[in-house]
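Okay, structure first, notes after.
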Amino acid sequence: VQLQASGGGLVQAGGSRELSCAASGSIFNINQMGWYRQAPGKQRELVALITSGGTNYADSVKGRFTISRDNTKNTVHLQMNSLKPEDTAVYYCNSRDGITWLNYWGQGTQVTVSS
């Protein structure tokens, strides 16, 4: 499974940004996709997940971020609104194989929120 993330960049506080992640390869058994982020000096943390059963968000982004999936294009999106400087991080796309339980990671895309 290959994941290609895009959409990062510089945005002012209060602004919006959409990240996209396109999956390719052996994606038939992928049952979960999501976004994680890692700020400088911090551990990687969950941002949002999406499965056939629904979505899950970190408390810090609830009400501001929305994850969605386009199954026809094998793409997952993360719409980020009301961005804060503390949202600054490298955002990583993730997918999980429901058979092997292997996790796959994209290359990361930098999001910088200026105050």
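In the structure tokens, each chain is lettered A, B, ... as it comes, each chain's residues begin at 1, and ligands are numbered from 1 in order of appearance.
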
Tell me which protein, DNA and RNA residues are within 10 Å of Ile50 of chain A, counting only C-alpha atoms, leaving out same-chain ones fewer than 5 positions away, and put them as a list in words.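 Listing them by chain and then by number gives Asn31, Gln32, Met33, Gly34, Trp35, Thr55, Asn56, Tyr57, Thr66, Ile67, Ser68, Arg69, Val76 and Ser95 of chain A.
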
Residue selection dump (N, CA, C and O atoms) as a PDB file, in the first residue's frame:
ATOM      1  N   ASN A  31      -9.225  -1.323   6.057  1.00  0.00           N
ATOM      2  CA  ASN A  31     -10.486  -1.091   6.758  1.00  0.00           C
ATOM      3  C   ASN A  31     -10.463   0.151   7.630  1.00  0.00           C
ATOM      4  O   ASN A  31     -11.446   0.480   8.286  1.00  0.00           O
ATOM      5  N   GLN A  32      -9.326   0.829   7.636  1.00  0.00           N
ATOM      6  CA  GLN A  32      -9.232   2.034   8.449  1.00  0.00           C
ATOM      7  C   GLN A  32      -8.220   2.972   7.817  1.00  0.00           C
ATOM      8  O   GLN A  32      -7.139   2.542   7.412  1.00  0.00           O
ATOM      9  N   MET A  33      -8.581   4.226   7.747  1.00  0.00           N
ATOM     10  CA  MET A  33      -7.645   5.257   7.293  1.00  0.00           C
ATOM     11  C   MET A  33      -7.717   6.423   8.265  1.00  0.00           C
ATOM     12  O   MET A  33      -8.729   6.628   8.942  1.00  0.00           O
ATOM     13  N   GLY A  34      -6.642   7.155   8.312  1.00  0.00           N
ATOM     14  CA  GLY A  34      -6.653   8.254   9.265  1.00  0.00           C
ATOM     15  C   GLY A  34      -5.489   9.193   9.102  1.00  0.00           C
ATOM     16  O   GLY A  34      -4.668   9.045   8.186  1.00  0.00           O
ATOM     17  N   TRP A  35      -5.449  10.155   9.997  1.00  0.00           N
ATOM     18  CA  TRP A  35      -4.389  11.152  10.026  1.00  0.00           C
ATOM     19  C   TRP A  35      -3.797  11.218  11.426  1.00  0.00           C
ATOM     20  O   TRP A  35      -4.530  11.203  12.424  1.00  0.00           O
ATOM     21  N   THR A  55     -16.366   7.635  12.501  1.00  0.00           N
ATOM     22  CA  THR A  55     -15.162   8.458  12.634  1.00  0.00           C
ATOM     23  C   THR A  55     -14.790   8.624  14.096  1.00  0.00           C
ATOM     24  O   THR A  55     -15.628   8.455  14.999  1.00  0.00           O
ATOM     25  N   ASN A  56     -13.541   8.972  14.306  1.00  0.00           N
ATOM     26  CA  ASN A  56     -13.050   9.194  15.652  1.00  0.00           C
ATOM     27  C   ASN A  56     -12.062  10.355  15.595  1.00  0.00           C
ATOM     28  O   ASN A  56     -11.237  10.398  14.672  1.00  0.00           O
ATOM     29  N   TYR A  57     -12.155  11.252  16.556  1.00  0.00           N
ATOM     30  CA  TYR A  57     -11.305  12.442  16.547  1.00  0.00           C
ATOM     31  C   TYR A  57     -10.607  12.634  17.881  1.00  0.00           C
ATOM     32  O   TYR A  57     -11.152  12.298  18.939  1.00  0.00           O
ATOM     33  N   THR A  66     -12.684  17.662  10.073  1.00  0.00           N
ATOM     34  CA  THR A  66     -13.598  16.642   9.565  1.00  0.00           C
ATOM     35  C   THR A  66     -12.839  15.707   8.643  1.00  0.00           C
ATOM     36  O   THR A  66     -12.191  16.158   7.684  1.00  0.00           O
ATOM     37  N   ILE A  67     -12.928  14.419   8.912  1.00  0.00           N
ATOM     38  CA  ILE A  67     -12.306  13.419   8.049  1.00  0.00           C
ATOM     39  C   ILE A  67     -13.378  12.791   7.180  1.00  0.00           C
ATOM     40  O   ILE A  67     -14.509  12.557   7.631  1.00  0.00           O
ATOM     41  N   SER A  68     -13.020  12.550   5.935  1.00  0.00           N
ATOM     42  CA  SER A  68     -13.953  11.920   5.014  1.00  0.00           C
ATOM     43  C   SER A  68     -13.183  11.024   4.060  1.00  0.00           C
ATOM     44  O   SER A  68     -11.967  11.167   3.906  1.00  0.00           O
ATOM     45  N   ARG A  69     -13.910  10.125   3.432  1.00  0.00           N
ATOM     46  CA  ARG A  69     -13.263   9.169   2.544  1.00  0.00           C
ATOM     47  C   ARG A  69     -14.054   9.081   1.244  1.00  0.00           C
ATOM     48  O   ARG A  69     -15.285   9.000   1.262  1.00  0.00           O
ATOM     49  N   VAL A  76      -8.620   9.792   1.187  1.00  0.00           N
ATOM     50  CA  VAL A  76      -9.154  10.289   2.448  1.00  0.00           C
ATOM     51  C   VAL A  76      -8.765  11.757   2.582  1.00  0.00           C
ATOM     52  O   VAL A  76      -7.673  12.163   2.180  1.00  0.00           O
ATOM     53  N   SER A  95      -3.007   4.098   6.993  1.00  0.00           N
ATOM     54  CA  SER A  95      -4.040   3.125   6.665  1.00  0.00           C
ATOM     55  C   SER A  95      -3.691   1.808   7.338  1.00  0.00           C
ATOM     56  O   SER A  95      -2.519   1.517   7.600  1.00  0.00           O
TER      57      SER A  95
END

Mind the document's chain letters and residue numbers, and return as a VMD selection string the residues of chain A that DSSP labels strand (DSSP E). chain A and resid 2 to 6 9 to 12 17 to 24 30 to 38 45 to 51 54 to 57 65 to 70 75 to 80 89 to 97 103 to 105 109 to 114

By how many Å are atom CA of Val90 of chain A and atom CA of Gly108 of chain A apart?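 Interatomic distance here is 5.8 Å.
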
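Once Asp97 of chain A and its same-chain neighbours fewer than 5 positions away are set aside, Ile27, Asn29, Ile30, Asn31, Gln32, Leu102 and Asn103 of chain A remain within 8 Å of it when counting only C-alpha atoms.
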
For Leu10 of chain A, find every residue with an atom within 12 Å (counting only C-alpha atoms), except residues of its own chain fewer than 3 positions away, and show them as a PyMOL selection string. chain A and resi 7+13+15-18+83-85+87-90+109-115

Could the residues in this selection be saved with C-alpha atoms as a tab-separated table (two decimals), in the first residue's frame?
chain	number	residue	atom	x	y	z
A	7	GLY	CA	-2.28	19.83	0.90
A	13	ALA	CA	-4.67	31.21	12.61
A	15	GLY	CA	-7.99	29.78	8.58
A	16	SER	CA	-8.74	26.50	6.86
A	17	ARG	CA	-6.79	23.87	5.03
A	18	GLU	CA	-7.65	20.54	3.45
A	83	LEU	CA	-6.77	26.37	12.74
A	84	LYS	CA	-4.63	27.26	15.74
A	85	PRO	CA	-0.86	27.66	16.07
A	87	ASP	CA	-2.06	22.58	15.10
A	88	THR	CA	1.35	23.16	13.53
A	89	ALA	CA	2.88	19.77	12.82
A	90	VAL	CA	3.80	17.28	10.17
A	109	THR	CA	2.97	16.95	4.89
A	110	GLN	CA	3.86	20.04	6.90
A	111	VAL	CA	1.10	22.30	8.17
A	112	THR	CA	2.21	25.56	9.74
A	113	VAL	CA	-0.29	27.85	11.41
A	114	SER	CA	0.92	31.39	12.02
A	115	SER	CA	-0.47	33.51	14.81
